[in-house]
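Below is the file model_8.txt, which contains compact mmCIF, C-alpha atoms and all ligand atoms.
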```
# COMPACT_ATOMS: atom_id res chain seq x y z
CA MET O 222 0.00 0.00 0.00
CA THR O 223 1.31 3.43 -0.94
CA LYS O 224 -0.86 6.40 -0.08
CA ILE O 225 -1.68 9.37 -2.28
CA THR O 226 -0.74 12.53 -0.38
CA ALA O 227 -1.72 15.20 -2.93
CA VAL O 228 -3.76 15.67 -6.11
CA LYS O 229 -3.14 18.89 -7.95
CA GLY O 230 -4.71 20.16 -11.17
CA ARG O 231 -3.22 22.96 -13.26
CA ARG O 232 -4.15 24.67 -16.51
CA VAL O 233 -1.87 23.89 -19.46
CA TRP O 234 -2.43 24.35 -23.25
CA ASP O 235 -3.05 21.85 -26.03
CA SER O 236 -1.89 21.57 -29.66
CA ARG O 237 -4.66 23.90 -30.86
CA GLY O 238 -3.72 26.50 -28.25
CA ASN O 239 -6.76 25.73 -26.11
CA PRO O 240 -6.59 25.38 -22.33
CA THR O 241 -6.68 21.88 -20.89
CA VAL O 242 -6.26 20.06 -17.58
CA GLU O 243 -3.01 18.59 -16.25
CA VAL O 244 -2.99 16.60 -13.00
CA ASP O 245 -0.11 15.73 -10.65
CA ILE O 246 -0.56 12.88 -8.18
CA THR O 247 2.00 12.83 -5.35
CA LEU O 248 2.65 9.75 -3.21
CA GLU O 249 3.80 9.40 0.39
CA ASN O 250 7.22 8.24 -0.81
CA GLY O 251 7.65 11.41 -2.90
CA LEU O 252 7.10 9.68 -6.24
CA MET O 253 4.50 11.14 -8.58
CA GLY O 254 2.39 10.65 -11.68
CA ARG O 255 1.29 13.25 -14.22
CA ALA O 256 -1.10 13.28 -17.20
CA ILE O 257 -2.90 15.78 -19.45
CA ALA O 258 -6.42 15.61 -20.89
CA PRO O 259 -6.70 15.68 -24.71
CA ALA O 260 -9.71 17.21 -26.53
CA GLY O 261 -11.76 16.09 -29.52
CA ALA O 262 -13.32 18.19 -32.30
CA SER O 263 -15.55 15.54 -33.87
CA ARG O 264 -17.00 14.32 -30.63
CA GLY O 265 -19.47 11.47 -30.18
CA LEU O 266 -22.85 12.42 -28.72
CA ARG O 267 -22.54 9.85 -25.94
CA GLU O 268 -18.94 10.44 -24.85
CA ALA O 269 -17.82 11.99 -21.53
CA ILE O 270 -18.31 15.77 -21.54
CA ASP O 271 -15.35 18.14 -21.28
CA LEU O 272 -16.32 20.68 -18.62
CA ARG O 273 -15.61 24.16 -20.03
CA ASP O 274 -16.27 27.52 -18.39
CA GLY O 275 -18.30 29.11 -21.21
CA GLY O 276 -18.54 32.89 -21.52
CA SER O 277 -16.46 35.04 -23.83
CA ALA O 278 -12.95 34.58 -22.43
CA LEU O 279 -10.79 31.92 -24.13
CA SER O 280 -13.66 31.28 -26.56
CA GLY O 281 -15.59 29.79 -23.67
CA LYS O 282 -13.02 26.99 -23.41
CA GLY O 283 -11.61 27.87 -19.99
CA VAL O 284 -11.07 24.94 -17.61
CA ASP O 285 -11.42 26.64 -14.20
CA LYS O 286 -14.52 24.58 -13.41
CA ALA O 287 -12.77 21.32 -14.33
CA LEU O 288 -9.75 22.34 -12.23
CA ALA O 289 -12.10 23.05 -9.34
CA SER O 290 -13.33 19.43 -9.66
CA VAL O 291 -9.75 18.13 -9.48
CA ASN O 292 -8.56 20.36 -6.67
CA GLY O 293 -11.84 20.04 -4.74
CA PRO O 294 -13.91 16.84 -4.58
CA ILE O 295 -11.52 14.59 -6.53
CA ALA O 296 -8.49 15.56 -4.41
CA GLN O 297 -10.53 15.09 -1.25
CA ALA O 298 -11.71 11.64 -2.28
CA LEU O 299 -8.35 10.30 -3.52
CA THR O 300 -6.02 11.68 -0.85
CA GLY O 301 -5.10 8.85 1.50
CA MET O 302 -6.12 6.12 -0.97
CA ASP O 303 -3.80 3.38 -2.21
CA ILE O 304 -2.17 4.17 -5.58
CA GLU O 305 -1.87 0.45 -6.29
CA ASP O 306 -5.61 -0.01 -6.79
CA GLN O 307 -6.55 1.75 -10.04
CA LYS O 308 -10.06 0.28 -10.00
CA ALA O 309 -10.78 1.62 -6.52
CA LEU O 310 -9.41 5.02 -7.50
CA ASP O 311 -11.53 5.16 -10.66
CA ASP O 312 -14.57 3.95 -8.71
CA ALA O 313 -14.00 6.73 -6.17
CA ILE O 314 -13.99 9.27 -9.03
CA LEU O 315 -17.17 7.73 -10.49
CA GLY O 316 -18.78 7.84 -7.05
CA LEU O 317 -18.53 11.63 -7.12
CA ASP O 318 -20.50 11.99 -10.35
CA SER O 319 -23.59 9.91 -11.02
CA SER O 320 -24.32 11.62 -14.37
CA PRO O 321 -23.99 9.30 -17.39
CA MET O 322 -21.45 11.51 -19.18
CA LYS O 323 -19.48 12.93 -16.25
CA GLU O 324 -20.87 16.38 -16.84
CA ASN O 325 -20.62 17.34 -13.15
CA LEU O 326 -16.89 16.72 -12.66
CA GLY O 327 -15.99 16.99 -16.35
CA GLY O 328 -14.46 14.18 -18.39
CA ASN O 329 -11.35 16.36 -18.80
CA ALA O 330 -10.95 16.41 -14.99
CA THR O 331 -11.55 12.66 -14.60
CA VAL O 332 -9.35 11.46 -17.46
CA ALA O 333 -6.33 13.54 -16.45
CA THR O 334 -6.67 12.33 -12.86
CA SER O 335 -7.22 8.69 -13.76
CA LEU O 336 -4.23 8.61 -16.14
CA ALA O 337 -2.05 10.49 -13.61
CA CYS O 338 -2.89 7.74 -11.08
CA LEU O 339 -1.80 5.10 -13.61
CA HIS O 340 1.52 6.93 -14.07
CA GLY O 341 1.89 7.24 -10.29
CA ALA O 342 1.30 3.52 -9.82
CA ALA O 343 3.89 2.68 -12.49
CA ALA O 344 6.45 4.96 -10.82
CA ASN O 345 5.64 3.39 -7.46
CA ALA O 346 6.13 -0.10 -8.93
CA LYS O 347 9.39 1.11 -10.54
CA LYS O 348 8.14 -0.03 -13.92
CA ALA O 349 7.75 1.58 -17.31
CA LEU O 350 4.11 2.51 -17.85
CA TRP O 351 3.60 -0.08 -20.61
CA ARG O 352 4.93 -2.82 -18.31
CA HIS O 353 2.71 -1.68 -15.45
CA VAL O 354 -0.32 -1.73 -17.77
CA ALA O 355 0.52 -5.23 -19.04
CA ASP O 356 1.00 -6.57 -15.49
CA THR O 357 -2.06 -4.84 -14.02
CA TYR O 358 -4.44 -5.99 -16.74
CA ASP O 359 -2.83 -9.35 -17.42
CA CYS O 360 -1.98 -8.60 -21.06
CA THR O 361 0.85 -9.58 -23.38
CA PRO O 362 2.59 -6.35 -24.39
CA ALA O 363 3.26 -5.82 -28.10
CA LEU O 364 4.19 -2.92 -30.35
CA PRO O 365 1.09 -1.83 -32.29
CA LEU O 366 0.43 -1.38 -36.00
CA PRO O 367 0.06 2.39 -36.50
CA GLU O 368 -2.66 4.15 -38.48
CA ILE O 369 -1.03 7.36 -39.77
CA GLN O 370 -2.85 10.28 -41.34
CA ILE O 371 -1.58 11.67 -44.66
CA PHE O 372 -4.43 14.11 -45.36
CA GLY O 373 -6.61 15.64 -42.64
CA GLY O 374 -10.17 16.70 -43.39
CA GLY O 375 -13.60 17.18 -41.88
CA ALA O 376 -13.68 18.96 -38.52
CA HIS O 377 -9.87 18.97 -38.49
CA ALA O 378 -9.62 21.12 -41.64
CA SER O 379 -12.60 23.47 -41.36
CA GLY O 380 -14.67 21.09 -43.49
CA ARG O 381 -12.41 21.67 -46.55
CA VAL O 382 -13.26 18.09 -47.55
CA ASP O 383 -16.00 16.04 -45.87
CA ILE O 384 -14.09 12.87 -44.99
CA GLN O 385 -11.96 13.31 -41.86
CA ASP O 386 -8.91 11.04 -42.01
CA PHE O 387 -7.07 9.69 -45.04
CA MET O 388 -4.53 7.35 -43.46
CA ILE O 389 -2.07 4.61 -44.30
CA MET O 390 -1.17 1.44 -42.46
CA VAL O 391 1.92 -0.60 -43.23
CA PRO O 392 0.82 -4.13 -42.29
CA GLY O 393 3.53 -5.61 -44.50
CA ALA O 394 6.32 -4.04 -42.43
CA SER O 395 8.45 -6.31 -40.31
CA SER O 396 9.19 -3.72 -37.61
CA PHE O 397 7.82 -0.52 -36.10
CA ASP O 398 10.93 1.26 -37.45
CA GLU O 399 10.06 0.13 -40.94
CA VAL O 400 6.56 1.59 -40.56
CA MET O 401 8.10 4.96 -39.66
CA GLU O 402 10.43 4.85 -42.69
CA VAL O 403 7.68 3.95 -45.15
CA THR O 404 5.41 6.61 -43.68
CA ASN O 405 8.10 9.27 -44.10
CA GLU O 406 8.38 8.34 -47.80
CA VAL O 407 4.62 8.34 -48.40
CA TYR O 408 4.00 11.53 -46.42
CA PHE O 409 6.59 13.54 -48.34
CA ALA O 410 5.60 12.00 -51.68
CA ALA O 411 2.06 13.26 -50.97
CA GLY O 412 3.47 16.70 -50.17
CA ASP O 413 5.44 16.71 -53.45
CA ILE O 414 2.33 15.81 -55.43
CA MET O 415 0.36 18.58 -53.71
CA ALA O 416 3.17 21.06 -54.48
CA GLN O 417 3.28 20.00 -58.15
CA LYS O 418 -0.46 20.57 -58.44
CA GLY O 419 -0.11 23.98 -56.76
CA LYS O 420 -2.23 22.65 -53.91
CA LEU O 421 0.24 22.63 -51.04
CA ALA O 422 -1.31 24.75 -48.30
CA GLY O 423 0.10 23.68 -44.95
CA VAL O 424 -1.28 21.06 -42.59
CA ALA O 425 -4.54 20.29 -40.81
CA ASP O 426 -5.08 19.86 -37.03
CA GLU O 427 -3.38 16.48 -36.75
CA GLY O 428 -0.46 17.31 -39.04
CA GLY O 429 -1.73 15.70 -42.26
CA TRP O 430 -1.52 17.81 -45.44
CA TRP O 431 -4.31 20.39 -45.82
CA PRO O 432 -6.85 18.81 -48.22
CA MET O 433 -6.98 21.19 -51.22
CA PHE O 434 -9.10 18.81 -53.27
CA ASP O 435 -12.08 19.26 -55.61
CA SER O 436 -13.72 16.05 -54.43
CA ASN O 437 -13.33 13.60 -51.56
CA GLU O 438 -12.27 10.95 -54.04
CA GLU O 439 -9.42 13.14 -55.32
CA ALA O 440 -7.87 12.72 -51.87
CA LEU O 441 -8.00 8.95 -52.32
CA GLU O 442 -6.52 9.15 -55.84
CA THR O 443 -3.72 11.37 -54.56
CA LEU O 444 -3.03 9.03 -51.66
CA VAL O 445 -2.66 6.09 -54.05
CA SER O 446 -0.31 8.20 -56.24
CA ALA O 447 1.73 9.07 -53.14
CA ILE O 448 2.05 5.42 -52.17
CA GLU O 449 3.24 4.64 -55.72
CA LYS O 450 5.62 7.61 -55.81
CA ALA O 451 7.13 6.25 -52.59
CA GLY O 452 8.01 3.09 -54.54
CA GLU O 453 5.26 0.92 -53.07
CA LYS O 454 2.59 -1.19 -54.74
CA PRO O 455 -0.67 -0.05 -53.12
CA GLY O 456 -2.33 -2.92 -51.24
CA LYS O 457 0.89 -4.89 -50.67
CA ARG O 458 3.08 -3.50 -47.88
CA VAL O 459 0.93 -0.37 -47.55
CA VAL O 460 -2.87 -0.08 -47.35
CA ILE O 461 -5.34 2.76 -46.87
CA SER O 462 -7.49 3.39 -43.82
CA LEU O 463 -10.29 5.97 -43.66
CA ASP O 464 -12.10 7.67 -40.80
CA ILE O 465 -15.29 8.84 -42.49
CA ALA O 466 -16.54 10.45 -39.23
CA ALA O 467 -19.93 10.38 -40.94
CA SER O 468 -21.78 11.85 -37.93
CA GLU O 469 -20.17 15.18 -38.80
CA PHE O 470 -22.08 15.51 -42.08
CA CYS O 471 -25.28 13.59 -41.35
CA GLU O 472 -28.48 15.37 -40.46
CA ASN O 473 -31.92 13.76 -40.11
CA GLY O 474 -30.68 10.61 -41.80
CA ARG O 475 -29.28 12.47 -44.83
CA TYR O 476 -25.56 12.49 -45.60
CA ARG O 477 -24.41 15.73 -47.19
CA LEU O 478 -21.01 15.99 -48.87
CA ALA O 479 -20.72 19.77 -48.98
CA LEU O 480 -17.59 19.77 -51.18
CA GLU O 481 -19.44 17.91 -53.92
CA ASP O 482 -22.86 19.46 -53.24
CA ARG O 483 -24.19 15.92 -52.97
CA GLU O 484 -26.76 14.53 -50.56
CA MET O 485 -27.78 10.91 -50.01
CA ASP O 486 -29.49 8.47 -47.68
CA SER O 487 -27.76 5.76 -45.69
CA SER O 488 -27.96 3.13 -48.41
CA ALA O 489 -26.54 5.47 -51.08
CA MET O 490 -23.77 6.40 -48.64
CA ILE O 491 -22.90 2.71 -48.22
CA ASP O 492 -22.97 2.25 -52.01
CA MET O 493 -20.54 5.16 -52.42
CA LEU O 494 -18.17 3.54 -49.90
CA ASP O 495 -18.60 0.21 -51.74
CA LYS O 496 -17.27 1.87 -54.90
CA TRP O 497 -14.30 3.32 -53.00
CA ILE O 498 -13.55 -0.06 -51.41
CA THR O 499 -13.60 -1.64 -54.88
CA ASP O 500 -11.44 1.05 -56.50
CA TYR O 501 -8.85 1.71 -53.78
CA PRO O 502 -6.80 -0.53 -51.43
CA ILE O 503 -8.82 0.33 -48.31
CA ALA O 504 -8.42 -2.16 -45.45
CA ALA O 505 -10.16 -0.29 -42.60
CA ILE O 506 -13.03 2.18 -42.30
CA GLU O 507 -14.03 4.03 -39.14
CA ASP O 508 -17.54 5.42 -38.55
CA PRO O 509 -18.81 4.79 -42.13
CA VAL O 510 -22.28 5.97 -41.11
CA ASP O 511 -23.80 8.27 -38.50
CA GLU O 512 -23.54 7.36 -34.80
CA GLY O 513 -27.34 7.03 -34.66
CA ASP O 514 -27.63 4.94 -37.86
CA LYS O 515 -27.73 1.48 -36.32
CA GLU O 516 -29.36 -0.13 -39.37
CA GLY O 517 -26.71 1.43 -41.60
CA MET O 518 -23.88 0.11 -39.42
CA ILE O 519 -25.40 -3.39 -39.37
CA GLU O 520 -25.84 -3.28 -43.16
CA PHE O 521 -22.30 -2.00 -43.72
CA THR O 522 -20.91 -4.76 -41.47
CA ARG O 523 -23.03 -7.40 -43.24
CA ARG O 524 -21.64 -6.31 -46.61
CA PHE O 525 -18.00 -5.69 -45.73
CA GLY O 526 -17.31 -7.34 -42.35
CA ASP O 527 -15.43 -10.24 -43.96
CA LYS O 528 -13.05 -8.03 -45.92
CA LEU O 529 -12.60 -4.81 -43.92
CA GLN O 530 -11.80 -3.72 -40.43
CA ILE O 531 -14.88 -1.70 -39.42
CA ILE O 532 -14.06 0.54 -36.47
CA GLY O 533 -16.64 2.21 -34.22
CA ASP O 534 -15.53 5.54 -32.77
CA ASP O 535 -18.48 7.95 -32.34
CA TYR O 536 -20.68 4.86 -32.72
CA LEU O 537 -19.22 3.13 -29.63
CA VAL O 538 -17.58 6.01 -27.67
CA THR O 539 -15.23 3.66 -25.74
CA ASN O 540 -18.21 2.27 -23.83
CA ALA O 541 -18.13 -1.44 -22.90
CA LYS O 542 -21.93 -1.72 -22.95
CA LEU O 543 -22.15 -0.21 -26.44
CA VAL O 544 -19.40 -2.59 -27.60
CA GLU O 545 -21.38 -5.53 -26.19
CA GLN O 546 -24.47 -4.23 -28.00
CA GLY O 547 -22.44 -3.85 -31.21
CA ILE O 548 -21.25 -7.45 -30.88
CA ALA O 549 -24.84 -8.64 -30.39
CA ASP O 550 -26.05 -6.56 -33.35
CA ASN O 551 -23.13 -7.52 -35.58
CA ALA O 552 -22.38 -3.84 -36.07
CA CYS O 553 -18.60 -3.06 -36.47
CA ASN O 554 -15.80 -5.56 -35.84
CA ALA O 555 -13.37 -3.24 -34.04
CA VAL O 556 -13.46 -0.42 -31.50
CA LEU O 557 -11.55 2.84 -31.22
CA VAL O 558 -10.39 3.29 -27.62
CA LYS O 559 -10.11 6.93 -26.51
CA VAL O 560 -9.58 7.16 -22.75
CA ASN O 561 -11.23 10.58 -22.57
CA GLN O 562 -14.40 9.31 -24.24
CA ALA O 563 -14.84 6.92 -21.33
CA GLY O 564 -13.36 9.27 -18.73
CA THR O 565 -11.31 6.76 -16.73
CA VAL O 566 -8.61 4.16 -17.40
CA SER O 567 -10.68 1.32 -15.86
CA GLU O 568 -13.67 1.94 -18.11
CA SER O 569 -11.40 2.13 -21.17
CA VAL O 570 -9.73 -1.17 -20.31
CA ASP O 571 -13.18 -2.75 -19.75
CA THR O 572 -14.11 -1.60 -23.27
CA PHE O 573 -10.94 -3.10 -24.72
CA LYS O 574 -11.54 -6.40 -22.88
CA ALA O 575 -15.14 -6.59 -24.10
CA ALA O 576 -13.92 -6.16 -27.68
CA GLN O 577 -11.04 -8.60 -27.29
CA LYS O 578 -13.32 -11.29 -25.87
CA ALA O 579 -15.40 -11.21 -29.05
CA GLY O 580 -12.34 -11.34 -31.31
CA TRP O 581 -12.82 -7.71 -32.32
CA GLY O 582 -9.92 -5.41 -33.13
CA ALA O 583 -9.05 -2.47 -30.85
CA VAL O 584 -7.29 0.75 -31.82
CA VAL O 585 -6.06 3.00 -29.01
CA SER O 586 -6.45 6.57 -30.29
CA ALA O 587 -5.42 10.15 -29.65
CA ARG O 588 -7.75 13.15 -30.08
CA SER O 589 -7.36 15.99 -32.55
CA GLY O 590 -6.41 18.28 -29.65
CA GLU O 591 -3.30 16.68 -28.12
CA THR O 592 -0.27 17.44 -25.98
CA GLU O 593 3.15 16.06 -25.07
CA ASP O 594 1.40 13.36 -23.02
CA VAL O 595 2.48 9.89 -24.22
CA SER O 596 0.17 7.72 -22.10
CA ILE O 597 -1.56 6.20 -25.14
CA SER O 598 1.69 4.83 -26.62
CA HIS O 599 2.12 2.89 -23.37
CA LEU O 600 -1.54 1.86 -23.14
CA SER O 601 -1.63 0.52 -26.66
CA THR O 602 1.62 -1.40 -26.20
CA GLY O 603 0.90 -2.55 -22.64
CA LEU O 604 -2.56 -3.87 -23.47
CA GLY O 605 -1.13 -5.50 -26.60
CA CYS O 606 -4.29 -4.24 -28.32
CA GLY O 607 -2.65 -4.31 -31.73
CA GLN O 608 -3.19 -0.82 -33.13
CA LEU O 609 -2.48 2.86 -32.43
CA LYS O 610 -3.85 5.98 -34.12
CA VAL O 611 -2.31 9.33 -33.18
CA GLY O 612 -2.69 11.54 -36.26
CA SER O 613 -0.05 12.33 -38.84
CA PHE O 614 3.73 12.32 -39.23
CA THR O 615 4.47 15.94 -38.32
CA ARG O 616 3.82 18.17 -35.29
CA SER O 617 5.44 17.16 -32.03
CA GLU O 618 2.21 16.29 -30.20
CA ARG O 619 1.93 13.47 -32.79
CA MET O 620 5.61 12.55 -33.22
CA VAL O 621 6.13 12.32 -29.47
CA LYS O 622 3.76 9.33 -29.46
CA TRP O 623 5.49 7.52 -32.34
CA ASN O 624 8.90 8.29 -30.84
CA GLU O 625 7.79 6.92 -27.46
CA CYS O 626 6.94 3.64 -29.18
CA LEU O 627 10.52 3.54 -30.52
CA ARG O 628 11.84 3.93 -26.96
CA ILE O 629 9.50 1.18 -25.77
CA GLN O 630 10.75 -0.96 -28.67
CA ASP O 631 14.29 -0.78 -27.25
CA GLU O 632 13.11 -2.30 -23.96
CA LEU O 633 10.41 -4.64 -25.19
CA GLY O 634 12.10 -5.92 -28.34
CA ALA O 635 11.44 -5.13 -32.00
CA ASP O 636 10.15 -8.66 -32.54
CA THR O 637 7.00 -7.89 -30.55
CA PHE O 638 5.71 -5.70 -33.40
CA VAL O 639 2.32 -7.12 -34.41
CA GLY O 640 2.68 -6.40 -38.16
CA GLY O 641 -0.43 -7.24 -40.17
CA ALA O 642 -2.03 -9.46 -37.49
CA PRO O 643 -4.80 -6.94 -36.65
CA LEU O 644 -5.90 -7.11 -40.31
CA LYS O 645 -6.11 -10.90 -40.33
CA ASN O 646 -9.81 -10.93 -41.26
CA THR O 647 -9.45 -8.47 -44.14
CA TRP O 648 -8.82 -8.88 -47.88
CA TRP O 649 -5.24 -7.78 -47.20
CA ALA O 650 -4.44 -10.99 -45.31
CA LYS O 651 -6.52 -13.17 -47.61
CA GLN O 652 -4.89 -12.03 -50.89
P1 LIG N 701 -11.56 14.07 -32.62
O1 LIG N 701 -11.38 13.11 -33.88
O2 LIG N 701 -10.46 13.83 -31.67
O3 LIG N 701 -11.56 15.44 -33.22
O4 LIG N 701 -12.92 13.75 -32.04
C1 LIG N 701 -10.63 11.96 -33.87
C2 LIG N 701 -11.38 10.82 -34.50
O5 LIG N 701 -12.53 11.00 -34.95
O6 LIG N 701 -10.88 9.71 -34.55
ZN ZN N 702 -13.06 8.93 -35.53
```
Rewrite the structure from the file as structure tokens, please.
Ligand code: PGA
Ligand code: ZN
Amino acid sequence: MTKITAVKGRRVWDSRGNPTVEVDITLENGLMGRAIAPAGASRGLREAIDLRDGGSALSGKGVDKALASVNGPIAQALTGMDIEDQKALDDAILGLDSSPMKENLGGNATVATSLACLHGAAANAKKALWRHVADTYDCTPALPLPEIQIFGGGAHASGRVDIQDFMIMVPGASSFDEVMEVTNEVYFAAGDIMAQKGKLAGVADEGGWWPMFDSNEEALETLVSAIEKAGEKPGKRVVISLDIAASEFCENGRYRLALEDREMDSSAMIDMLDKWITDYPIAAIEDPVDEGDKEGMIEFTRRFGDKLQIIGDDYLVTNAKLVEQGIADNACNAVLVKVNQAGTVSESVDTFKAAQKAGWGAVVSARSGETEDVSISHLSTGLGCGQLKVGSFTRSERMVKWNECLRIQDELGADTFVGGAPLKNTWWAKQ
């Protein structure tokens, strides 16, 4: 037993320049843990609420109320508790807020505290965080297969194109290092192509190239050209992954692609994706339909579940019960795990375990508003969940996560890299 002696929240700033919550947990032996809350832009309706101050200052995004939760009730409840019992600590936090989406304390207050406790426990156990996670949750640690954004869109690029993430995966790589090398080549090939077309205009929120395209499909065509220009055969070592984030452009059951002035129902939306899946080497699709379009998600999974990884983000919001429902409905076959959607580490791990039990994939993910916090590199590796999504291949709030995996690789061993295993049920593995 090692007691917590202090819990302190402070205001720091995220990658978009917005205020966010950092928490320090101090232990009786002087050791400590620290973590920072990230922030989403394309948020799921059912995810934990970030408590913001409102008003005109800081665009209403102040975090004084969330800090008051940390330094008030949360600090009071956790001080004196044992750092070695993450579940009890998370339960104590949950006991302070009976609302379904943590709107009283704020998900930003709870996630920073919960993750800081995890860091404190690892320090106390004199273990790297990934090792502590693996030991605590009885998992086999492994370096994940990254999903890396090449073009950013949707809410991360002021709606310049409708689709949110145009990403690559390198399932044919034999090491994490190799993934980084291939990604560098593809990322800069894409930049060269944009420059040649006179369409190079900086980067979007997660570091992917700004999407100066005339249609959503032009982004896909350009991505394939970039993969080829990097000397790769698309669909072999390198595949495409998309986050449609369809909830962002769906209203009353109608999907509206503003860039193309095109509107369709759920079944036409699925047909459009069918054409893309046929024409491009796409191995994974996240949120292909709206978070409320259950029939659409079931239909999409029925049609493509045996060839694609179908990832629920807004649709499942890192909620174990929603994952269990998705398994029962046969909607999706993988879950995106964002700790701040759940609000605590324990709930996030429960979500991962629910998915794993059903043979689903699991992708630990960053948010579009990030910081120097590297907890998710350790979580993904420690849980051995198989995949990690942190945005693109520029901007330090992204690179810090990839680089942390390289440091973990030195301790854990390059041979633990999972390679294409997470895509085992897709056309990529079956070809
Ligand atoms: P967000 O988007 O962090 O802006 O919500 C990330 C995602 O949709 O995966
Ligand atoms: Zn998403």
Residues up to 9 Å from ligand ZN 702 (chain N), counting only C-alpha atoms and all ligand atoms: could you list those as a ChimeraX atom specification?
-> /O:263-265,385-386,464-467,507-508,532-535,557,586,588
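The space separating CA of Val611 (chain O) from CA of Val556 (chain O) comes to 14.9 Å.
Close contacts of Ala555 (chain O), defined as residues with an atom at most 8 Å away when counting all atoms listed in the file, with chain neighbours fewer than 3 positions off set aside, comprise Gln530, Ile531, Ile532, Gly533, Ala576, Trp581, Gly582, Ala583 and Val584 of chain O.
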Would you list the contacts of Asp398 (chain O) as a PDB file with C-alpha atoms, in the frame of the given file, taking every protein, DNA or RNA residue within 10 Å and counting all atoms listed in the file, but skipping same-chain residues closer than 2 positions in sequence?
```pdb
ATOM      1  CA  ALA O 394       6.320  -4.040 -42.430  1.00  0.00           C
ATOM      2  CA  SER O 395       8.450  -6.310 -40.310  1.00  0.00           C
ATOM      3  CA  SER O 396       9.190  -3.720 -37.610  1.00  0.00           C
ATOM      4  CA  VAL O 400       6.560   1.590 -40.560  1.00  0.00           C
ATOM      5  CA  MET O 401       8.100   4.960 -39.660  1.00  0.00           C
ATOM      6  CA  GLU O 402      10.430   4.850 -42.690  1.00  0.00           C
ATOM      7  CA  VAL O 403       7.680   3.950 -45.150  1.00  0.00           C
ATOM      8  CA  THR O 404       5.410   6.610 -43.680  1.00  0.00           C
ATOM      9  CA  TRP O 623       5.490   7.520 -32.340  1.00  0.00           C
ATOM     10  CA  ASN O 624       8.900   8.290 -30.840  1.00  0.00           C
ATOM     11  CA  CYS O 626       6.940   3.640 -29.180  1.00  0.00           C
ATOM     12  CA  LEU O 627      10.520   3.540 -30.520  1.00  0.00           C
ATOM     13  CA  GLN O 630      10.750  -0.960 -28.670  1.00  0.00           C
ATOM     14  CA  ALA O 635      11.440  -5.130 -32.000  1.00  0.00           C
ATOM     15  CA  PHE O 638       5.710  -5.700 -33.400  1.00  0.00           C
TER      16      PHE O 638
END
```
Can you list, as a PDB file with C-alpha atoms, in the coordinates of the input, every protein, DNA or RNA residue that comes within 6 Å of region 640-652 of chain O when you count all atoms listed in the file, leaving out same-chain residues fewer than 6 positions away?
```pdb
ATOM      1  CA  LEU O 366       0.430  -1.380 -36.000  1.00  0.00           C
ATOM      2  CA  PRO O 392       0.820  -4.130 -42.290  1.00  0.00           C
ATOM      3  CA  LYS O 528     -13.050  -8.030 -45.920  1.00  0.00           C
ATOM      4  CA  LEU O 529     -12.600  -4.810 -43.920  1.00  0.00           C
ATOM      5  CA  GLY O 607      -2.650  -4.310 -31.730  1.00  0.00           C
TER       6      GLY O 607
END
```
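Distances to ligand LIG 701 (chain N) were evaluated for O:Val585, O:Cys360, O:Val382, O:Ala256 using all atoms listed in the file, and the minimum falls at O:Val585.
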Between region 474-516 of chain O and region 448-455 of chain O, at 10 Å or less, what are the per-residue closest atom pairs and their distances in Å? Count only C-alpha atoms, order by chain and rising residue number, and return it as JSON lines.
```
{"residue": "O:Tyr501", "atom": "CA", "partner": "O:Pro455", "partner_atom": "CA", "distance": 8.4}
{"residue": "O:Pro502", "atom": "CA", "partner": "O:Pro455", "partner_atom": "CA", "distance": 6.4}
{"residue": "O:Ile503", "atom": "CA", "partner": "O:Pro455", "partner_atom": "CA", "distance": 9.5}
```
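Contact shell of Ile384 (chain O) at 9 Å (all atoms listed in the file; same-chain neighbours under 3 positions omitted): O:Gly373, O:Gly374, O:Gly375, O:Ala376, O:Gly380, O:Phe387, O:Asn437, O:Leu463, O:Asp464, O:Ile465, O:Ala466, O:Ala467, O:Glu469, O:Phe470, O:Leu478.
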Separating CA of Lys542 (chain O) from CA of Ala337 (chain O), to the nearest tenth of an Å, is a gap of 25.1 Å
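Considering the residues O:Asp311, O:Glu438, O:Glu324, O:Glu512 and counting only C-alpha atoms and all ligand atoms, ligand LIG 701 (chain N) has its shortest atom-to-atom contact with O:Glu512.
Of the listed residues O:Gly281, O:Gly293, O:Gly341, O:Pro367, the one whose atoms come nearest to Arg255 (chain O) is O:Gly341, with distances taken using all atoms listed in the file.
Across O:Asp359, O:Asp527, O:Glu268, O:Glu520, the tightest approach to ligand LIG 701 (chain N) is made by O:Glu268 when counting only C-alpha atoms and all ligand atoms.
With distances restricted to all atoms listed in the file, O:Glu427 is the closest residue to ligand LIG 701 (chain N) from O:Glu427, O:Asp631, O:Glu399, O:Asp245.
The coordinates place CA of Phe521 (chain O) at 18.4 Å from CA of Glu484 (chain O).
Among the candidates O:Met490, O:Met433, O:Ala440, O:Met518, the residue lying nearest to Gly419 (chain O) is O:Met433 (atoms considered: only C-alpha atoms).
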Answer as a ChimeraX atom specification, residues within 12 Å of (1.0, -2.6, -17.6) using all atoms listed in the file = /O:307,339-340,342-344,346-363,566,570,596-605
Coordinates of box centre and edge lengths for ligand LIG 701 (chain N), 5 Å on every side, axis-aligned, as lines of an AutoDock Vina configuration file:
```
center_x = -11.7
center_y = 12.6
center_z = -33.3
size_x = 12.5
size_y = 15.7
size_z = 13.3
```
